[in-house]
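Trainee: Input file: final_27.pdb. Contents: PDB, C-alpha atoms, pLDDT in the B column.
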```pdb
ATOM      1  CA  SER A1373      -4.087  -9.387   9.210  1.00 34.00           C
ATOM      2  CA  GLN A1374      -6.077  -8.015   6.320  1.00 39.00           C
ATOM      3  CA  GLN A1375      -8.744  -5.513   7.179  1.00 52.00           C
ATOM      4  CA  GLY A1376     -10.566  -5.602   3.940  1.00 67.00           C
ATOM      5  CA  GLU A1377     -11.800  -8.017   1.401  1.00 78.00           C
ATOM      6  CA  GLU A1378     -12.319  -7.001  -2.162  1.00 83.00           C
ATOM      7  CA  ASP A1379     -14.388  -8.497  -4.891  1.00 85.00           C
ATOM      8  CA  PRO A1380     -14.077  -9.522  -7.493  1.00 90.00           C
ATOM      9  CA  GLN A1381     -10.518 -10.765  -7.178  1.00 90.00           C
ATOM     10  CA  ALA A1382     -10.147 -10.438 -10.918  1.00 93.00           C
ATOM     11  CA  LEU A1383     -12.154  -8.580 -13.518  1.00 95.00           C
ATOM     12  CA  SER A1384     -11.790  -8.583 -17.296  1.00 96.00           C
ATOM     13  CA  ILE A1385     -13.727  -6.096 -19.413  1.00 96.00           C
ATOM     14  CA  GLN A1386     -13.624  -4.464 -22.823  1.00 97.00           C
ATOM     15  CA  GLU A1387     -12.449  -0.916 -23.413  1.00 97.00           C
ATOM     16  CA  GLY A1388     -15.273   1.529 -22.961  1.00 97.00           C
ATOM     17  CA  GLU A1389     -17.092  -0.576 -20.393  1.00 97.00           C
ATOM     18  CA  ASN A1390     -17.408   0.371 -16.755  1.00 97.00           C
ATOM     19  CA  ALA A1391     -15.575  -1.488 -14.017  1.00 97.00           C
ATOM     20  CA  THR A1392     -16.901  -1.799 -10.488  1.00 96.00           C
ATOM     21  CA  MET A1393     -14.862  -3.061  -7.574  1.00 96.00           C
ATOM     22  CA  ASN A1394     -16.092  -3.547  -4.043  1.00 96.00           C
ATOM     23  CA  CYS A1395     -14.353  -3.465  -0.703  1.00 94.00           C
ATOM     24  CA  SER A1396     -15.547  -4.499   2.725  1.00 93.00           C
ATOM     25  CA  TYR A1397     -13.838  -3.745   6.006  1.00 90.00           C
ATOM     26  CA  LYS A1398     -14.256  -4.709   9.621  1.00 86.00           C
ATOM     27  CA  THR A1399     -13.522  -1.849  11.979  1.00 83.00           C
ATOM     28  CA  SER A1400     -14.439   1.794  12.329  1.00 84.00           C
ATOM     29  CA  ILE A1401     -12.481   4.112  10.103  1.00 86.00           C
ATOM     30  CA  ASN A1402     -11.605   7.760   9.661  1.00 85.00           C
ATOM     31  CA  ASN A1403     -11.297   7.429   5.929  1.00 89.00           C
ATOM     32  CA  LEU A1404     -11.005   4.914   3.145  1.00 92.00           C
ATOM     33  CA  GLN A1405      -8.643   5.243   0.244  1.00 93.00           C
ATOM     34  CA  TRP A1406      -8.264   3.562  -3.113  1.00 95.00           C
ATOM     35  CA  TYR A1407      -4.898   2.881  -4.689  1.00 95.00           C
ATOM     36  CA  ARG A1408      -3.755   1.546  -8.005  1.00 96.00           C
ATOM     37  CA  GLN A1409      -0.729  -0.656  -8.607  1.00 95.00           C
ATOM     38  CA  ASN A1410       0.755  -1.500 -11.941  1.00 93.00           C
ATOM     39  CA  SER A1411       2.503  -4.850 -12.020  1.00 89.00           C
ATOM     40  CA  GLY A1412       5.748  -4.800 -10.052  1.00 85.00           C
ATOM     41  CA  ARG A1413       5.450  -1.138  -9.165  1.00 88.00           C
ATOM     42  CA  GLY A1414       4.576   1.002  -6.201  1.00 89.00           C
ATOM     43  CA  LEU A1415       1.107   2.234  -5.371  1.00 92.00           C
ATOM     44  CA  VAL A1416      -0.509   5.372  -6.682  1.00 92.00           C
ATOM     45  CA  HIS A1417      -3.165   7.137  -4.663  1.00 92.00           C
ATOM     46  CA  LEU A1418      -6.461   7.538  -6.495  1.00 95.00           C
ATOM     47  CA  ILE A1419      -9.003   8.940  -4.093  1.00 95.00           C
ATOM     48  CA  LEU A1420      -9.751   9.371  -0.397  1.00 93.00           C
ATOM     49  CA  ILE A1421     -13.245   9.380   1.037  1.00 95.00           C
ATOM     50  CA  ARG A1422     -13.878  10.372   4.618  1.00 92.00           C
ATOM     51  CA  SER A1423     -16.162   8.481   6.944  1.00 92.00           C
ATOM     52  CA  ASN A1424     -18.737  11.273   6.845  1.00 94.00           C
ATOM     53  CA  GLU A1425     -18.869  11.282   3.061  1.00 96.00           C
ATOM     54  CA  ARG A1426     -21.038   8.962   0.997  1.00 97.00           C
ATOM     55  CA  GLU A1427     -19.811   9.564  -2.526  1.00 98.00           C
ATOM     56  CA  LYS A1428     -16.884  11.200  -4.218  1.00 97.00           C
ATOM     57  CA  HIS A1429     -15.864  11.752  -7.823  1.00 97.00           C
ATOM     58  CA  SER A1430     -12.529  12.298  -9.474  1.00 96.00           C
ATOM     59  CA  GLY A1431     -12.461  12.301 -13.257  1.00 97.00           C
ATOM     60  CA  ARG A1432     -13.648   8.870 -14.408  1.00 97.00           C
ATOM     61  CA  LEU A1433     -13.584   7.545 -10.862  1.00 98.00           C
ATOM     62  CA  ARG A1434     -16.551   7.356  -8.553  1.00 98.00           C
ATOM     63  CA  VAL A1435     -16.237   6.073  -5.015  1.00 98.00           C
ATOM     64  CA  THR A1436     -19.032   5.317  -2.604  1.00 98.00           C
ATOM     65  CA  LEU A1437     -18.843   4.586   1.078  1.00 97.00           C
ATOM     66  CA  ASP A1438     -21.475   2.941   3.259  1.00 96.00           C
ATOM     67  CA  THR A1439     -20.262   2.967   6.834  1.00 94.00           C
ATOM     68  CA  SER A1440     -23.338   1.106   8.065  1.00 95.00           C
ATOM     69  CA  LYS A1441     -22.405  -1.818   5.857  1.00 95.00           C
ATOM     70  CA  LYS A1442     -18.682  -1.202   6.176  1.00 94.00           C
ATOM     71  CA  SER A1443     -18.261  -1.280   2.446  1.00 95.00           C
ATOM     72  CA  SER A1444     -17.019   0.862  -0.407  1.00 96.00           C
ATOM     73  CA  SER A1445     -17.082   0.640  -4.165  1.00 97.00           C
ATOM     74  CA  LEU A1446     -14.867   2.036  -6.886  1.00 97.00           C
ATOM     75  CA  LEU A1447     -16.362   2.634 -10.298  1.00 98.00           C
ATOM     76  CA  ILE A1448     -14.182   3.358 -13.291  1.00 98.00           C
ATOM     77  CA  THR A1449     -16.239   4.630 -16.184  1.00 98.00           C
ATOM     78  CA  ALA A1450     -15.368   4.351 -19.868  1.00 98.00           C
ATOM     79  CA  SER A1451     -12.386   2.150 -19.105  1.00 97.00           C
ATOM     80  CA  ARG A1452      -9.205   2.235 -21.154  1.00 97.00           C
ATOM     81  CA  ALA A1453      -6.507  -0.358 -21.706  1.00 97.00           C
ATOM     82  CA  ALA A1454      -4.219   1.825 -19.596  1.00 96.00           C
ATOM     83  CA  ASP A1455      -6.510   1.226 -16.607  1.00 97.00           C
ATOM     84  CA  THR A1456      -5.233  -2.351 -16.464  1.00 97.00           C
ATOM     85  CA  ALA A1457      -3.768  -2.710 -12.976  1.00 97.00           C
ATOM     86  CA  SER A1458      -4.522  -3.968  -9.497  1.00 96.00           C
ATOM     87  CA  TYR A1459      -6.737  -1.813  -7.339  1.00 96.00           C
ATOM     88  CA  PHE A1460      -6.642  -1.820  -3.567  1.00 95.00           C
ATOM     89  CA  CYS A1461      -8.785  -0.229  -0.940  1.00 94.00           C
ATOM     90  CA  ALA A1462      -7.062   0.835   2.247  1.00 92.00           C
ATOM     91  CA  THR A1463      -8.376   1.935   5.577  1.00 89.00           C
ATOM     92  CA  ASP A1464      -6.889   3.703   8.512  1.00 81.00           C
ATOM     93  CA  LEU A1465      -8.145   2.867  11.936  1.00 67.00           C
ATOM     94  CA  THR A1466      -9.713   5.194  14.414  1.00 54.00           C
ATOM     95  CA  PRO A1467      -7.444   7.327  16.577  1.00 50.00           C
ATOM     96  CA  ASP A1468      -8.344   5.221  19.604  1.00 52.00           C
ATOM     97  CA  THR A1469      -6.008   2.527  18.398  1.00 54.00           C
ATOM     98  CA  GLY A1470      -3.159   4.921  17.815  1.00 56.00           C
ATOM     99  CA  ARG A1471      -2.461   3.123  14.591  1.00 60.00           C
ATOM    100  CA  ARG A1472      -1.466   5.234  11.610  1.00 68.00           C
ATOM    101  CA  ALA A1473      -0.567   2.696   8.985  1.00 80.00           C
ATOM    102  CA  LEU A1474      -2.969   1.820   6.237  1.00 86.00           C
ATOM    103  CA  THR A1475      -4.468  -1.637   6.089  1.00 86.00           C
ATOM    104  CA  PHE A1476      -5.048  -2.925   2.595  1.00 90.00           C
ATOM    105  CA  GLY A1477      -7.739  -5.029   1.085  1.00 90.00           C
ATOM    106  CA  SER A1478      -6.993  -8.113  -0.941  1.00 90.00           C
ATOM    107  CA  GLY A1479      -7.142  -6.224  -4.226  1.00 93.00           C
ATOM    108  CA  THR A1480      -8.889  -6.549  -7.559  1.00 95.00           C
ATOM    109  CA  ARG A1481      -6.882  -7.283 -10.691  1.00 95.00           C
ATOM    110  CA  LEU A1482      -8.477  -5.412 -13.556  1.00 97.00           C
ATOM    111  CA  GLN A1483      -7.759  -6.317 -17.156  1.00 97.00           C
ATOM    112  CA  VAL A1484      -9.124  -3.990 -19.822  1.00 97.00           C
ATOM    113  CA  GLN A1485      -9.070  -5.556 -23.254  1.00 95.00           C
ATOM    114  CA  PRO A1486      -8.431  -3.119 -26.131  1.00 92.00           C
TER     115      PRO A1486
ATOM    116  CA  GLY B 121       2.019  15.066  -5.117  1.00 67.00           C
ATOM    117  CA  ALA B 122       4.903  14.277  -2.806  1.00 77.00           C
ATOM    118  CA  VAL B 123       7.617  11.918  -3.985  1.00 90.00           C
ATOM    119  CA  VAL B 124       9.026   8.920  -2.193  1.00 93.00           C
ATOM    120  CA  SER B 125      12.071   7.320  -3.732  1.00 95.00           C
ATOM    121  CA  GLN B 126      12.987   3.719  -2.975  1.00 96.00           C
ATOM    122  CA  HIS B 127      16.274   2.123  -3.913  1.00 96.00           C
ATOM    123  CA  PRO B 128      17.239  -0.324  -5.270  1.00 97.00           C
ATOM    124  CA  SER B 129      14.331  -1.355  -7.465  1.00 96.00           C
ATOM    125  CA  ARG B 130      15.700  -4.854  -7.886  1.00 96.00           C
ATOM    126  CA  VAL B 131      18.326  -6.812  -6.005  1.00 97.00           C
ATOM    127  CA  ILE B 132      19.556 -10.377  -6.161  1.00 97.00           C
ATOM    128  CA  CYS B 133      21.622 -11.656  -3.282  1.00 96.00           C
ATOM    129  CA  LYS B 134      23.030 -14.916  -2.020  1.00 97.00           C
ATOM    130  CA  SER B 135      21.608 -16.747   0.967  1.00 97.00           C
ATOM    131  CA  GLY B 136      23.177 -15.590   4.184  1.00 97.00           C
ATOM    132  CA  THR B 137      24.003 -12.103   3.028  1.00 97.00           C
ATOM    133  CA  SER B 138      22.305  -8.878   4.060  1.00 97.00           C
ATOM    134  CA  VAL B 139      20.517  -6.389   1.867  1.00 98.00           C
ATOM    135  CA  LYS B 140      19.720  -2.763   2.624  1.00 98.00           C
ATOM    136  CA  ILE B 141      16.767  -0.977   1.071  1.00 98.00           C
ATOM    137  CA  GLU B 142      16.480   2.798   1.259  1.00 97.00           C
ATOM    138  CA  CYS B 143      13.345   4.881   1.314  1.00 96.00           C
ATOM    139  CA  ARG B 144      13.613   8.645   0.923  1.00 95.00           C
ATOM    140  CA  SER B 145      11.014  11.371   0.996  1.00 92.00           C
ATOM    141  CA  LEU B 146      12.300  13.812  -1.597  1.00 92.00           C
ATOM    142  CA  ASP B 147      10.277  16.938  -1.037  1.00 87.00           C
ATOM    143  CA  PHE B 148       8.769  16.614   2.397  1.00 87.00           C
ATOM    144  CA  GLN B 149       9.696  15.541   5.881  1.00 87.00           C
ATOM    145  CA  ALA B 150       8.288  12.217   6.976  1.00 84.00           C
ATOM    146  CA  THR B 151       8.344  11.637  10.691  1.00 79.00           C
ATOM    147  CA  THR B 152       6.788   8.264  10.073  1.00 86.00           C
ATOM    148  CA  MET B 153       7.415   5.798   7.289  1.00 91.00           C
ATOM    149  CA  PHE B 154       5.912   2.374   6.775  1.00 93.00           C
ATOM    150  CA  TRP B 155       7.374  -0.805   5.377  1.00 95.00           C
ATOM    151  CA  TYR B 156       5.211  -3.341   3.594  1.00 95.00           C
ATOM    152  CA  ARG B 157       5.830  -6.713   2.053  1.00 96.00           C
ATOM    153  CA  GLN B 158       3.909  -8.067  -0.899  1.00 95.00           C
ATOM    154  CA  PHE B 159       3.864 -11.591  -2.291  1.00 91.00           C
ATOM    155  CA  PRO B 160       2.878 -12.198  -5.926  1.00 87.00           C
ATOM    156  CA  LYS B 161      -0.765 -11.432  -6.633  1.00 85.00           C
ATOM    157  CA  GLN B 162      -1.398 -10.674  -2.989  1.00 89.00           C
ATOM    158  CA  SER B 163      -2.033  -7.584  -0.960  1.00 91.00           C
ATOM    159  CA  LEU B 164       0.394  -5.479   1.016  1.00 93.00           C
ATOM    160  CA  MET B 165       1.187  -6.661   4.515  1.00 93.00           C
ATOM    161  CA  LEU B 166       2.450  -4.098   6.977  1.00 92.00           C
ATOM    162  CA  MET B 167       5.783  -5.129   8.452  1.00 94.00           C
ATOM    163  CA  ALA B 168       6.672  -2.193  10.630  1.00 93.00           C
ATOM    164  CA  THR B 169       6.185   1.468  11.330  1.00 90.00           C
ATOM    165  CA  SER B 170       9.386   3.474  11.284  1.00 87.00           C
ATOM    166  CA  ASN B 171       9.548   6.535  13.511  1.00 83.00           C
ATOM    167  CA  GLU B 172      12.278   9.132  13.139  1.00 82.00           C
ATOM    168  CA  GLY B 173      14.647   9.064  16.063  1.00 81.00           C
ATOM    169  CA  SER B 174      13.069   6.103  17.820  1.00 83.00           C
ATOM    170  CA  LYS B 175      12.700   2.379  17.519  1.00 87.00           C
ATOM    171  CA  ALA B 176      10.445   0.928  14.874  1.00 90.00           C
ATOM    172  CA  THR B 177       7.173  -0.710  15.789  1.00 90.00           C
ATOM    173  CA  TYR B 178       6.948  -4.174  14.302  1.00 93.00           C
ATOM    174  CA  GLU B 179       3.795  -6.060  13.425  1.00 92.00           C
ATOM    175  CA  GLN B 180       3.111  -9.384  15.019  1.00 91.00           C
ATOM    176  CA  GLY B 181       5.098 -12.157  13.420  1.00 93.00           C
ATOM    177  CA  VAL B 182       7.752  -9.899  11.934  1.00 95.00           C
ATOM    178  CA  GLU B 183      11.215 -10.607  13.321  1.00 94.00           C
ATOM    179  CA  LYS B 184      12.839  -7.367  14.371  1.00 93.00           C
ATOM    180  CA  ASP B 185      16.299  -8.897  14.386  1.00 94.00           C
ATOM    181  CA  LYS B 186      15.883 -10.067  10.828  1.00 96.00           C
ATOM    182  CA  PHE B 187      14.313  -6.926   9.402  1.00 97.00           C
ATOM    183  CA  LEU B 188      16.320  -4.050  10.826  1.00 96.00           C
ATOM    184  CA  ILE B 189      14.767  -0.642  10.404  1.00 94.00           C
ATOM    185  CA  ASN B 190      16.608   2.615  10.878  1.00 91.00           C
ATOM    186  CA  HIS B 191      15.002   6.036  10.564  1.00 88.00           C
ATOM    187  CA  ALA B 192      17.880   8.337  11.265  1.00 81.00           C
ATOM    188  CA  SER B 193      16.528  11.443   9.589  1.00 88.00           C
ATOM    189  CA  LEU B 194      13.228  12.985   8.601  1.00 87.00           C
ATOM    190  CA  THR B 195      13.756  11.999   4.982  1.00 91.00           C
ATOM    191  CA  LEU B 196      15.360   8.564   5.142  1.00 93.00           C
ATOM    192  CA  SER B 197      14.356   5.175   6.451  1.00 94.00           C
ATOM    193  CA  THR B 198      16.230   1.980   5.707  1.00 95.00           C
ATOM    194  CA  LEU B 199      15.203  -1.658   5.887  1.00 97.00           C
ATOM    195  CA  THR B 200      17.974  -4.219   6.150  1.00 97.00           C
ATOM    196  CA  VAL B 201      17.135  -7.844   5.530  1.00 98.00           C
ATOM    197  CA  THR B 202      19.775  -9.709   7.486  1.00 97.00           C
ATOM    198  CA  SER B 203      20.997 -13.219   6.736  1.00 97.00           C
ATOM    199  CA  ALA B 204      18.605 -13.450   3.851  1.00 97.00           C
ATOM    200  CA  HIS B 205      17.013 -16.744   2.885  1.00 96.00           C
ATOM    201  CA  PRO B 206      15.072 -17.681  -0.255  1.00 96.00           C
ATOM    202  CA  GLU B 207      11.800 -17.346   1.648  1.00 95.00           C
ATOM    203  CA  ASP B 208      12.608 -13.654   2.154  1.00 96.00           C
ATOM    204  CA  SER B 209      12.285 -13.163  -1.581  1.00 96.00           C
ATOM    205  CA  SER B 210       9.457 -10.730  -2.024  1.00 96.00           C
ATOM    206  CA  PHE B 211       8.447  -7.236  -3.073  1.00 96.00           C
ATOM    207  CA  TYR B 212       9.119  -4.659  -0.367  1.00 97.00           C
ATOM    208  CA  ILE B 213       7.439  -1.259  -0.474  1.00 96.00           C
ATOM    209  CA  CYS B 214       7.822   1.774   1.739  1.00 95.00           C
ATOM    210  CA  SER B 215       5.402   4.620   2.205  1.00 93.00           C
ATOM    211  CA  ALA B 216       5.258   7.926   4.009  1.00 90.00           C
ATOM    212  CA  THR B 217       2.615  10.443   4.881  1.00 81.00           C
ATOM    213  CA  GLN B 218       2.764  14.172   5.247  1.00 74.00           C
ATOM    214  CA  GLY B 219       1.608  15.389   8.602  1.00 66.00           C
ATOM    215  CA  ALA B 220      -1.765  14.264   9.861  1.00 60.00           C
ATOM    216  CA  MET B 221      -3.053  10.728   9.816  1.00 57.00           C
ATOM    217  CA  ASN B 222      -6.009  11.337   7.588  1.00 55.00           C
ATOM    218  CA  THR B 223      -4.084  12.002   4.423  1.00 70.00           C
ATOM    219  CA  GLU B 224      -2.968   9.989   1.473  1.00 76.00           C
ATOM    220  CA  ALA B 225       0.177   7.938   1.666  1.00 83.00           C
ATOM    221  CA  PHE B 226       2.944   8.222  -0.886  1.00 89.00           C
ATOM    222  CA  PHE B 227       4.654   5.035  -1.923  1.00 92.00           C
ATOM    223  CA  GLY B 228       8.092   4.196  -3.142  1.00 94.00           C
ATOM    224  CA  GLN B 229       8.516   2.259  -6.343  1.00 94.00           C
ATOM    225  CA  GLY B 230       9.155  -0.952  -4.462  1.00 96.00           C
ATOM    226  CA  THR B 231      12.135  -3.303  -4.294  1.00 97.00           C
ATOM    227  CA  ARG B 232      12.043  -6.763  -5.782  1.00 96.00           C
ATOM    228  CA  LEU B 233      14.325  -8.923  -3.627  1.00 97.00           C
ATOM    229  CA  THR B 234      15.417 -12.309  -4.885  1.00 97.00           C
ATOM    230  CA  VAL B 235      17.509 -14.489  -2.610  1.00 97.00           C
ATOM    231  CA  VAL B 236      19.312 -17.326  -4.364  1.00 96.00           C
TER     232      VAL B 236
END
```
Once you've parsed the file, please lay out its structure as structure tokens.

Mentor:
Amino acid sequence: SQQGEEDPQALSIQEGENATMNCSYKTSINNLQWYRQNSGRGLVHLILIRSNEREKHSGRLRVTLDTSKKSSSLLITASRAADTASYFCATDLTPDTGRRALTFGSGTRLQVQP
Amino acid sequence: GAVVSQHPSRVICKSGTSVKIECRSLDFQATTMFWYRQFPKQSLMLMATSNEGSKATYEQGVEKDKFLINHASLTLSTLTVTSAHPEDSSFYICSATQGAMNTEAFFGQGTRLTVV
């Protein structure tokens, strides 16, 4: 079953604008990760934020994590047409479960218009 | 970052035949690999966790006799879709992690399976 829900499901913006995607999850986590997927391709890791972190930056990416609300956001600043892709959040589960696989959110399809 | 190679990228097969998909970690040893399935415009659904030298752990609802997983070495896991049917048509993706649980996962390029 899906751990996370993402919104919006689809987002269309103009080049240069910022894009914000949100992810909510249900269980405790060790970390939360964001991945990008171009159509028909594998996933590329973007950023990992640990449960004791609140914000993290990587280039034009900014990720926040609110464990009290069980939510995270991904902000892409100054978007480019090449940012067009689907973006997924993924969570691990706490060691108590013994589970190591990532559980993915429903994804946000981002379209950046040139 | 580490590289995971998945092959083939696309395959078309006839109903009733079997298809094998390979997932290789090229520059690291992966004691655990994961197989996911993805339908169009949907998220990735975990099918099974593949452990080197032992039986795979399947998620609820995934038929182990239909989706055979073999992880014979630290760098290779295979998924065989047996007696394929059109409803098995999907995008299959493998991933692997290096070492500890709290690290990023590296994904293969995915395999688009079409059963006709």

Trainee: Translate the ChimeraX specification (/B :<8) & /A, as applied to the file shown, into an explicit residue set as a list of chain:residue names.

Mentor: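 So the ChimeraX specification (/B :<8) & /A, applied here, picks out A:Ser1373, A:Gln1374, A:Asn1402, A:Asn1403, A:Gln1405, A:Gly1412, A:Arg1413, A:Gly1414, A:Leu1415, A:Val1416, A:His1417, A:Leu1420, A:Phe1460, A:Asp1464, A:Arg1472, A:Ala1473, A:Thr1475, A:Phe1476, A:Gly1477, A:Ser1478, A:Gly1479.
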
Trainee: Could you write out as JSON the box around range 175-194 of chain B (axis-aligned, all atoms listed in the file, 5 Å on each side), with centre and edge lengths in Å to one decimal?

Mentor:
```
{"center_x": 10.5, "center_y": 0.4, "center_z": 13.1, "size_x": 24.8, "size_y": 35.1, "size_z": 18.9}
```

Trainee: Could you please give me, as a ChimeraX atom specification, the residues of protein, DNA or RNA lying at most 12 Å from (9.9, 5.6, 17.9) in the coordinate frame of the file, considering all atoms listed in the file?

Mentor: /B:151-153,168-178,189-192

Trainee: Evaluate the PyMOL selection byres ((chain A and resi 1438) around 12) on the structure here and hand back the selected residues as a PyMOL selection string.

Mentor: chain A and resi 1394-1397+1400-1401+1403-1404+1421-1427+1435-1437+1439-1445

Trainee: In Å to one decimal, how far is CA of Ser138 in chain B from CA of Asp185 in chain B?

Mentor: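 Between CA of Asp185 in chain B and CA of Ser138 in chain B the gap is 11.9 Å.
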
Trainee: Give as a list in words the residues that the PyMOL selection byres ((chain B and resi 196) around 8) matches when applied to the coordinates above.

Mentor: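 Selected by the PyMOL selection byres ((chain B and resi 196) around 8) here: Glu142, Cys143, Arg144, Ser145, His191, Ala192, Ser193, Leu194, Thr195, Ser197 and Thr198 of chain B.
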
Trainee: Can you tell me which residues surround Thr1456 in chain A at a distance of at most 12 Å, considering only C-alpha atoms, apart from same-chain residues fewer than 2 positions away, and format the answer as a list of chain:residue names?

Mentor: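 Contacts, in chain order: A:Ala1382, A:Leu1383, A:Ser1384, A:Ile1385, A:Gln1386, A:Glu1387, A:Ala1391, A:Arg1408, A:Gln1409, A:Asn1410, A:Ser1411, A:Ile1448, A:Ser1451, A:Arg1452, A:Ala1453, A:Ala1454, A:Ser1458, A:Tyr1459, A:Thr1480, A:Arg1481, A:Leu1482, A:Gln1483, A:Val1484, A:Gln1485, A:Pro1486.
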
Trainee: Can you write out the residues you just picked, keeping C-alpha atoms, as a tab-separated table (two decimals), in the coordinates of the input?

Mentor:
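again06.tsv, written as the output of this step:
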```
chain	number	residue	atom	x	y	z
A	1382	ALA	CA	-10.15	-10.44	-10.92
A	1383	LEU	CA	-12.15	-8.58	-13.52
A	1384	SER	CA	-11.79	-8.58	-17.30
A	1385	ILE	CA	-13.73	-6.10	-19.41
A	1386	GLN	CA	-13.62	-4.46	-22.82
A	1387	GLU	CA	-12.45	-0.92	-23.41
A	1391	ALA	CA	-15.58	-1.49	-14.02
A	1408	ARG	CA	-3.76	1.55	-8.01
A	1409	GLN	CA	-0.73	-0.66	-8.61
A	1410	ASN	CA	0.76	-1.50	-11.94
A	1411	SER	CA	2.50	-4.85	-12.02
A	1448	ILE	CA	-14.18	3.36	-13.29
A	1451	SER	CA	-12.39	2.15	-19.10
A	1452	ARG	CA	-9.20	2.24	-21.15
A	1453	ALA	CA	-6.51	-0.36	-21.71
A	1454	ALA	CA	-4.22	1.82	-19.60
A	1458	SER	CA	-4.52	-3.97	-9.50
A	1459	TYR	CA	-6.74	-1.81	-7.34
A	1480	THR	CA	-8.89	-6.55	-7.56
A	1481	ARG	CA	-6.88	-7.28	-10.69
A	1482	LEU	CA	-8.48	-5.41	-13.56
A	1483	GLN	CA	-7.76	-6.32	-17.16
A	1484	VAL	CA	-9.12	-3.99	-19.82
A	1485	GLN	CA	-9.07	-5.56	-23.25
A	1486	PRO	CA	-8.43	-3.12	-26.13
```

Trainee: Near Ser1430 in chain A, within 9 Å and counting only C-alpha atoms, which residues show up once chain neighbours fewer than 4 positions away are dropped, as number ranges by chain?

Mentor: A: 1418-1419, 1434-1435

Trainee: What separation in Å, quoted to one decimal, exists between CA of Leu1447 in chain A and CA of Glu1378 in chain A?

Mentor: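 Atom-to-atom, CA of Leu1447 in chain A to CA of Glu1378 in chain A, that is 13.2 Å.
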
Trainee: Calculate how many Å separate CA of Gly136 in chain B from CA of Val182 in chain B, rounding to one decimal.

Mentor: 18.2 Å

Trainee: Give me, as a list of chain:residue names, all polymer residues having an atom no more than 10 Å from Thr137 in chain B, counting all atoms listed in the file and skipping those fewer than 2 positions away in the same chain.

Mentor: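 What passes the distance filter is B:Cys133, B:Lys134, B:Ser135, B:Val139, B:Val201, B:Thr202, B:Ser203, B:Ala204, B:His205, B:Val235.
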
Trainee: The selected residues should be written to file as a PDB file, in the coordinates of the input (atoms: C-alpha atoms).

Mentor:
```pdb
ATOM      1  CA  CYS B 133      21.622 -11.656  -3.282  1.00 96.00           C
ATOM      2  CA  LYS B 134      23.030 -14.916  -2.020  1.00 97.00           C
ATOM      3  CA  SER B 135      21.608 -16.747   0.967  1.00 97.00           C
ATOM      4  CA  VAL B 139      20.517  -6.389   1.867  1.00 98.00           C
ATOM      5  CA  VAL B 201      17.135  -7.844   5.530  1.00 98.00           C
ATOM      6  CA  THR B 202      19.775  -9.709   7.486  1.00 97.00           C
ATOM      7  CA  SER B 203      20.997 -13.219   6.736  1.00 97.00           C
ATOM      8  CA  ALA B 204      18.605 -13.450   3.851  1.00 97.00           C
ATOM      9  CA  HIS B 205      17.013 -16.744   2.885  1.00 96.00           C
ATOM     10  CA  VAL B 235      17.509 -14.489  -2.610  1.00 97.00           C
TER      11      VAL B 235
END
```
